[in-house]
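*Asks:* One file: final_14.cif (mmCIF, C-alpha atoms and all ligand atoms).
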```cif
data_entry
loop_
_atom_site.label_atom_id
_atom_site.label_comp_id
_atom_site.auth_asym_id
_atom_site.auth_seq_id
_atom_site.Cartn_x
_atom_site.Cartn_y
_atom_site.Cartn_z
CA LEU Q 138 12.74 57.20 49.10
CA ALA Q 139 16.47 57.73 48.70
CA SER Q 140 18.51 55.19 50.61
CA GLU Q 141 21.68 55.69 52.59
CA LEU Q 142 24.74 54.02 51.20
CA LEU Q 143 27.44 52.44 53.33
CA ILE Q 144 30.66 53.77 51.87
CA SER Q 145 34.23 52.78 52.72
CA GLU Q 146 36.14 55.27 50.57
CA ILE Q 147 35.92 57.46 47.47
CA PHE Q 148 39.08 58.39 45.63
CA GLY Q 149 40.64 59.37 42.33
CA PRO Q 150 42.12 60.02 39.95
CA THR Q 151 43.96 56.73 39.75
CA TRP Q 152 43.96 53.88 37.23
CA GLN Q 153 41.78 50.84 37.07
CA GLY Q 154 44.26 48.19 38.19
CA GLU Q 155 42.78 44.93 37.00
CA GLY Q 156 41.03 43.17 34.16
CA GLN Q 157 39.97 44.27 30.71
CA GLN Q 158 40.11 48.00 31.57
CA ALA Q 159 43.40 47.95 33.49
CA GLY Q 160 45.30 51.16 32.93
CA ARG Q 161 42.20 53.26 32.29
CA LEU Q 162 41.86 56.50 34.23
CA ALA Q 163 39.44 55.84 37.06
CA ALA Q 164 37.81 57.01 40.26
CA PHE Q 165 36.71 54.49 42.86
CA VAL Q 166 33.63 54.30 45.04
CA ARG Q 167 34.24 51.50 47.52
CA PHE Q 168 31.08 50.19 49.16
CA ALA Q 169 31.47 48.86 52.69
CA THR Q 170 30.51 45.40 54.00
CA CYS Q 171 30.68 42.02 52.34
CA ASN Q 172 28.86 38.70 52.76
CA LEU Q 173 32.10 36.74 52.21
CA ALA Q 174 35.32 36.60 54.23
CA CYS Q 175 38.32 35.90 52.01
CA SER Q 176 41.52 35.12 53.88
CA TRP Q 177 43.55 37.25 51.45
CA CYS Q 178 41.01 40.10 51.05
CA ASP Q 179 42.99 43.20 50.02
CA THR Q 180 40.39 45.64 51.37
CA PRO Q 181 39.87 44.23 54.90
CA TYR Q 182 39.01 47.71 56.23
CA ALA Q 183 35.79 47.55 54.16
CA VAL Q 184 34.78 44.09 55.34
CA PHE Q 185 36.09 42.86 58.70
CA PHE Q 186 34.31 44.67 61.55
CA ASP Q 187 34.21 42.13 64.37
CA GLU Q 188 36.57 39.64 65.96
CA HIS Q 189 34.72 36.60 64.68
CA LYS Q 190 34.79 37.65 61.05
CA ALA Q 191 38.37 38.90 61.40
CA SER Q 192 39.45 35.43 62.49
CA TYR Q 193 38.94 34.32 58.86
CA HIS Q 194 41.37 36.92 57.51
CA GLN Q 195 45.11 36.36 57.41
CA ASP Q 196 45.73 39.61 59.37
CA LYS Q 197 43.18 38.71 62.12
CA LYS Q 198 42.44 42.41 62.51
CA ALA Q 199 38.97 43.80 63.26
CA TYR Q 200 38.32 47.34 62.00
CA ASP Q 201 36.09 49.91 63.71
CA PRO Q 202 32.95 50.46 61.61
CA LYS Q 203 32.49 53.93 63.17
CA VAL Q 204 35.81 54.92 61.64
CA GLU Q 205 35.62 52.95 58.41
CA ILE Q 206 31.99 53.27 57.26
CA GLN Q 207 30.39 56.52 56.14
CA ARG Q 208 26.62 56.62 55.63
CA MET Q 209 25.46 58.99 52.94
CA PRO Q 210 22.80 59.28 50.25
CA ALA Q 211 23.69 58.70 46.61
CA THR Q 212 23.52 62.44 45.91
CA GLU Q 213 26.33 63.07 48.38
CA VAL Q 214 28.45 60.24 46.95
CA ALA Q 215 27.95 61.71 43.48
CA GLU Q 216 28.88 65.19 44.75
CA ILE Q 217 32.15 63.85 46.16
CA VAL Q 218 32.98 61.90 42.99
CA THR Q 219 32.29 64.86 40.72
CA SER Q 220 34.37 67.18 42.92
CA LEU Q 221 37.44 65.01 42.30
CA PRO Q 222 39.90 66.44 39.75
CA ILE Q 223 38.84 64.03 37.00
CA PRO Q 224 37.51 64.46 33.47
CA LYS Q 225 33.92 63.40 32.87
CA SER Q 226 35.13 60.52 30.71
CA THR Q 227 36.77 58.90 33.75
CA LEU Q 228 35.70 55.35 34.52
CA ILE Q 229 33.79 55.31 37.81
CA VAL Q 230 34.55 51.96 39.44
CA ILE Q 231 31.99 50.71 41.95
CA SER Q 232 33.79 48.21 44.11
CA GLY Q 233 33.80 46.87 47.64
CA GLY Q 234 33.31 45.03 49.84
CA GLU Q 235 30.34 43.60 48.00
CA PRO Q 236 28.47 46.47 46.33
CA MET Q 237 25.63 44.19 45.22
CA LEU Q 238 24.46 44.08 48.84
CA GLN Q 239 23.37 47.68 48.10
CA VAL Q 240 22.01 47.25 44.61
CA GLU Q 241 19.42 50.04 44.93
CA GLY Q 242 22.23 52.36 45.99
CA ILE Q 243 24.24 51.44 42.88
CA ILE Q 244 21.28 52.25 40.64
CA GLU Q 245 20.66 55.57 42.43
CA LEU Q 246 24.33 56.50 42.30
CA CYS Q 247 24.60 55.85 38.56
CA ALA Q 248 21.48 57.99 37.97
CA GLU Q 249 23.03 60.82 40.02
CA LEU Q 250 26.34 60.53 38.14
CA ALA Q 251 24.58 60.48 34.77
CA ASP Q 252 22.70 63.67 35.77
CA ARG Q 253 26.12 65.27 36.25
CA GLY Q 254 27.49 64.05 32.90
CA TYR Q 255 29.54 61.05 34.07
CA TYR Q 256 28.53 58.04 31.99
CA TYR Q 257 31.24 55.39 32.31
CA TYR Q 258 30.76 52.85 35.08
CA ALA Q 259 32.33 49.58 36.08
CA LEU Q 260 31.14 47.23 38.79
CA GLU Q 261 33.11 44.57 40.65
CA THR Q 262 31.21 41.82 42.44
CA ALA Q 263 31.87 38.32 43.75
CA GLY Q 264 28.72 37.05 42.03
CA THR Q 265 26.73 35.79 45.01
CA ARG Q 266 23.78 38.18 44.60
CA SER Q 267 21.34 38.13 41.70
CA ALA Q 268 22.05 40.46 38.76
CA SER Q 269 18.43 40.79 37.69
CA ARG Q 270 17.52 43.99 39.60
CA LEU Q 271 20.74 45.66 38.43
CA ALA Q 272 20.11 44.60 34.84
CA GLN Q 273 16.59 45.98 34.98
CA GLY Q 274 17.59 49.21 36.74
CA LEU Q 275 20.59 49.98 34.54
CA ASN Q 276 19.89 48.33 31.18
CA LEU Q 277 22.87 45.95 31.27
CA PRO Q 278 25.19 45.35 29.55
CA GLN Q 279 25.26 48.62 27.58
CA SER Q 280 25.45 50.90 30.59
CA MET Q 281 28.14 49.33 32.72
CA HIS Q 282 31.14 47.01 32.50
CA VAL Q 283 30.57 44.28 35.08
CA THR Q 284 33.37 42.06 36.32
CA VAL Q 285 32.41 39.06 38.41
CA SER Q 286 35.10 37.60 40.61
CA PRO Q 287 33.88 34.21 41.88
CA LYS Q 288 35.90 33.11 44.86
CA LEU Q 289 37.80 29.82 44.77
CA ALA Q 290 38.65 27.40 47.57
CA ASN Q 291 41.88 29.39 48.14
CA SER Q 292 39.73 32.22 49.59
CA GLY Q 293 38.77 30.10 52.61
CA ASN Q 294 35.01 30.66 52.14
CA PRO Q 295 32.75 27.58 52.38
CA TYR Q 296 31.68 26.16 49.00
CA ASN Q 297 27.97 26.91 49.45
CA ARG Q 298 28.61 30.57 50.23
CA ARG Q 299 31.04 31.34 47.43
CA ARG Q 300 29.78 29.22 44.51
CA MET Q 301 26.36 30.03 43.03
CA PRO Q 302 26.27 28.78 39.41
CA HIS Q 303 22.74 30.02 38.68
CA ILE Q 304 23.75 33.56 39.67
CA LEU Q 305 26.95 33.34 37.62
CA GLU Q 306 24.78 32.25 34.66
CA GLU Q 307 22.74 35.45 35.07
CA TYR Q 308 25.85 37.61 34.94
CA ASN Q 309 27.10 35.60 31.97
CA ARG Q 310 23.88 36.34 30.09
CA PHE Q 311 24.49 40.05 30.70
CA GLY Q 312 27.94 39.83 29.08
CA SER Q 313 30.05 40.19 32.23
CA ASP Q 314 33.74 39.41 32.47
CA PHE Q 315 34.88 36.81 34.99
CA LYS Q 316 38.08 37.38 36.96
CA PHE Q 317 39.65 34.74 39.19
CA VAL Q 318 42.27 35.30 41.88
CA VAL Q 319 44.74 32.42 41.53
CA LYS Q 320 47.44 31.47 44.01
CA VAL Q 321 48.84 28.26 42.54
CA ALA Q 322 48.54 26.57 39.14
CA SER Q 323 46.21 23.89 40.50
CA ASP Q 324 43.58 26.63 41.19
CA LEU Q 325 43.16 26.78 37.41
CA ASN Q 326 41.37 23.40 37.45
CA GLU Q 327 38.73 24.94 39.72
CA VAL Q 328 38.43 27.90 37.34
CA ASP Q 329 37.97 25.47 34.46
CA ASP Q 330 35.17 23.74 36.33
CA ILE Q 331 33.31 27.06 36.74
CA VAL Q 332 33.98 28.08 33.13
CA GLN Q 333 32.52 24.77 31.88
CA THR Q 334 29.54 24.71 34.26
CA VAL Q 335 28.50 28.30 33.55
CA GLY Q 336 29.45 28.22 29.85
CA ILE Q 337 31.73 31.26 29.98
CA ASN Q 338 33.41 32.26 26.73
CA PRO Q 339 37.24 32.03 27.10
CA ASN Q 340 37.64 35.66 26.02
CA GLN Q 341 35.66 36.68 29.12
CA VAL Q 342 37.95 34.76 31.50
CA TRP Q 343 40.64 36.75 33.31
CA ILE Q 344 43.21 35.17 35.60
CA MET Q 345 44.81 37.42 38.20
CA PRO Q 346 47.60 36.49 40.63
CA GLU Q 347 47.01 36.80 44.35
CA GLY Q 348 49.34 39.24 46.12
CA THR Q 349 49.43 42.59 47.90
CA LYS Q 350 53.10 43.26 47.10
CA ALA Q 351 54.47 43.88 43.63
CA GLY Q 352 57.03 41.08 43.90
CA ASP Q 353 54.40 38.51 44.93
CA VAL Q 354 52.05 39.50 42.10
CA VAL Q 355 54.73 39.13 39.45
CA TRP Q 356 56.20 35.97 40.99
CA ASN Q 357 52.81 34.26 41.21
CA ALA Q 358 51.87 35.27 37.66
CA ARG Q 359 55.11 33.89 36.24
CA HIS Q 360 54.43 30.67 38.04
CA PHE Q 361 51.22 29.87 36.17
CA ARG Q 362 51.47 32.04 33.03
CA ASP Q 363 52.17 29.09 30.66
CA GLU Q 364 49.20 27.17 32.02
CA VAL Q 365 46.92 30.21 31.47
CA LEU Q 366 48.20 30.59 27.91
CA SER Q 367 47.63 26.94 27.11
CA ARG Q 368 44.01 27.21 28.28
CA GLY Q 369 43.39 30.24 26.06
CA TRP Q 370 42.48 32.67 28.86
CA ASN Q 371 43.38 36.29 29.57
CA LEU Q 372 45.91 37.27 32.23
CA THR Q 373 45.80 40.48 34.26
CA LEU Q 374 48.31 41.70 36.81
CA ARG Q 375 47.33 44.11 39.61
CA GLN Q 376 48.57 47.42 38.36
CA GLN Q 377 47.59 49.25 41.57
CA VAL Q 378 49.77 46.89 43.64
CA ILE Q 379 52.70 47.15 41.24
CA MET Q 380 52.47 50.96 41.24
CA PHE Q 381 51.51 51.62 44.88
CA ASP Q 382 52.00 48.40 46.91
CA GLU Q 383 49.48 48.24 49.79
CA LYS Q 384 48.78 51.96 50.01
CA ARG Q 385 45.10 52.74 50.57
CA GLY Q 386 43.03 55.11 48.47
CA VAL Q 387 44.93 54.68 45.20
S1 LIG Q 401 34.55 39.06 48.27
FE1 LIG Q 401 36.03 40.72 47.90
S2 LIG Q 401 35.58 42.28 49.46
FE2 LIG Q 401 34.54 40.38 50.10
S3 LIG Q 401 36.02 39.43 51.51
FE3 LIG Q 401 36.37 38.56 49.45
S4 LIG Q 401 38.01 39.85 48.53
FE4 LIG Q 401 37.16 40.97 50.32
#
```
Using structure tokens, write down the structure that the file contains.
Ligand code: SF4
*Replies:*
Amino acid sequence: LASELLISEIFGPTWQGEGQQAGRLAAFVRFATCNLACSWCDTPYAVFFDEHKASYHQDKKAYDPKVEIQRMPATEVAEIVTSLPIPKSTLIVISGGEPMLQVEGIIELCAELADRGYYYYALETAGTRSASRLAQGLNLPQSMHVTVSPKLANSGNPYNRRRMPHILEEYNRFGSDFKFVVKVASDLNEVDDIVQTVGINPNQVWIMPEGTKAGDVVWNARHFRDEVLSRGWNLTLRQQVIMFDEKRGV
């Protein structure tokens, strides 16, 4: 039975803004809802739907789910994606929110897209939900580039909710990249702890500055760039912020 997906927004063409594929032509499918509540979340309209949850976000704003969430089957999502003015080689980025809350929907959507000749997928997850069903349903890692973004203490989420080493180990076995949002240089010690515990290869570690304004992104990155270099990790900026600031749907 086909499931209904909870979708925040679908847009493109744009560029993938972050990580190993930054700069690549992309279309985005943003899944709504998330099990975490990061204070600096840059897509609060996909996550914060009541006053209590909104109190954890720096903007303290609750969004109306009737306005922000669209329910539709995977076929309809695929129809919208493939009606965008994009070549079939475009990277389809499945993001959120936390898309892994709707793992069956991800698998159905990729099948629908493949039926239409779109074969390049990327997934972004915070790594708090098991990867095994996805790996089984999609034959990871060949079929999809997965980036796991484990949340650090700077996100404001309690330790037990944001840090799940056994799940990160699953994603690591499937060859995922790991991307960490860093605010200050001392956050890198926490990253190092995760890298050691999970056994992540340094070439799969990406450090990304926090910031929803171009100036903040660049300023933060300059602040800890030498420390990232000395640890032998990758650095990514946020191209979408530098190009578009906080504009939605880009
Ligand atoms: S995990 Fe991602 S989508 Fe969820 S609250 Fe944090 S930044 Fe936002």
*Asks:* Check the smallest atom-to-atom distance from each of Q:Pro302, Q:Pro295, Q:Gly233, Q:Gly149 to ligand LIG 401 (chain Q) using only C-alpha atoms and all ligand atoms, then report the winner.
*Replies:* Q:Gly233
*Asks:* Residues within 12 Å of range 241-253 of chain Q, please, as a PyMOL selection string. Count only C-alpha atoms; anything in the same chain fewer than 3 positions from it doesn't count.
*Replies:* chain Q and resi 138-144+166-169+208-220+224-233+235-238+256-262+268-277+280-281
*Asks:* Residues within 8 Å of ligand LIG 401 (chain Q), counting only C-alpha atoms and all ligand atoms: report them as a PyMOL selection string.
*Replies:* chain Q and resi 170-181+183-185+233-235+262-263+286+288+292
*Asks:* Which distance in Å separates CA of Val319 in chain Q and CA of Thr373 in chain Q, to one decimal?
*Replies:*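 We find that CA of Val319 in chain Q and CA of Thr373 in chain Q lie 10.9 Å from each other.
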*Asks:* Report as a PyMOL selection string all protein, DNA and RNA residues lying within 8 Å of Gly312 in chain Q, evaluated on all atoms listed in the file, omitting residues in the same chain fewer than 3 positions from it.
*Replies:* chain Q and resi 278+283+308-309
*Asks:* If we count all atoms listed in the file and set the cut-off at 9 Å, which residues sit around Glu327 in chain Q, ignoring sequence neighbours fewer than 4 positions away in its own chain? Please answer as a compact mmCIF listing (two decimals) with C-alpha atoms, keeping the file's coordinate frame.
*Replies:*
```txt
# COMPACT_ATOMS: atom_id res chain seq x y z
CA LEU Q 289 37.80 29.82 44.77
CA ALA Q 290 38.65 27.40 47.57
CA SER Q 323 46.21 23.89 40.50
CA ILE Q 331 33.31 27.06 36.74
CA VAL Q 332 33.98 28.08 33.13
```
*Asks:* List as a count of residues only the protein and nucleic acid residues near Ala199 in chain Q, meaning an atom at most 9 Å away when only C-alpha atoms are counted, but skip any in the same chain fewer than 2 places from it.
*Replies:* 14
*Asks:* Provide the CA of Glu155 in chain Q to CA of Arg375 in chain Q distance in Å, to one decimal place.
*Replies:*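 It comes out at 5.3 Å.
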*Asks:* Closest to Val328 in chain Q among Q:Trp343, Q:Gln157, Q:Lys203, Q:His360, using only C-alpha atoms?
*Replies:*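 Looking at the shortest contact to Val328 in chain Q, the residue is Q:Trp343.
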*Asks:* What is the CA of Lys316 in chain Q-CA of Gly156 in chain Q distance in Å, reported with one decimal?
*Replies:* 7.1 Å
*Asks:* Closest to His282 in chain Q among Q:Phe311, Q:Tyr255, Q:Trp356, Q:Trp370, using all atoms listed in the file?
*Replies:*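 Looking only at the distances to His282 in chain Q, the closest residue turns out to be Q:Phe311.
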*Asks:* Taking 2 positions as the minimum chain separation for residues in the same chain, which residues sit within 7 Å of Arg299 in chain Q when counting only C-alpha atoms? Answer as an MDAnalysis selection string.
*Replies:* chainID Q and resid 265 287:288 294:297 301
*Asks:* Each side padded by 6 Å, which centre and which edge lengths in Å (one decimal) define the axis-aligned box around the listed atoms of range 289-300 of chain Q? Give them as JSON.
*Replies:*
```
{"center_x": 34.9, "center_y": 29.2, "center_z": 48.6, "size_x": 25.9, "size_y": 18.1, "size_z": 20.1}
```
*Asks:* List the residues sitting within 12 Å of (34.7, 31.4, 29.6) in the file's frame, using only C-alpha atoms, as an MDAnalysis selection string.
*Replies:* chainID Q and resid 285 305:306 309:310 312:317 328:344 368:371
*Asks:* Between Q:Thr284, Q:Thr151, Q:Ala351, Q:Val387, which one has atoms that come closest to Leu374 in chain Q, using all atoms listed in the file?
*Replies:*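 Checking each of Q:Thr284, Q:Thr151, Q:Ala351, Q:Val387 against Leu374 in chain Q, counting all atoms listed in the file, the winner is Q:Ala351.
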*Asks:* Go through Q:Lys320, Q:His194, Q:Arg362, Q:Arg266 one by one, measure the shortest atom-to-atom distance of each to Pro346 in chain Q using all atoms listed in the file, and give the residue with the smallest value.
*Replies:*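 Answer, going by the shortest atom-to-atom distance: Q:Lys320.
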*Asks:* So, counting all atoms listed in the file, which residue among Q:Ser267, Q:Gln153, Q:Arg359, Q:Ile223 is closest to Gln239 in chain Q?
*Replies:*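 Ranking Q:Ser267, Q:Gln153, Q:Arg359, Q:Ile223 by distance to Gln239 in chain Q, first place goes to Q:Ser267.
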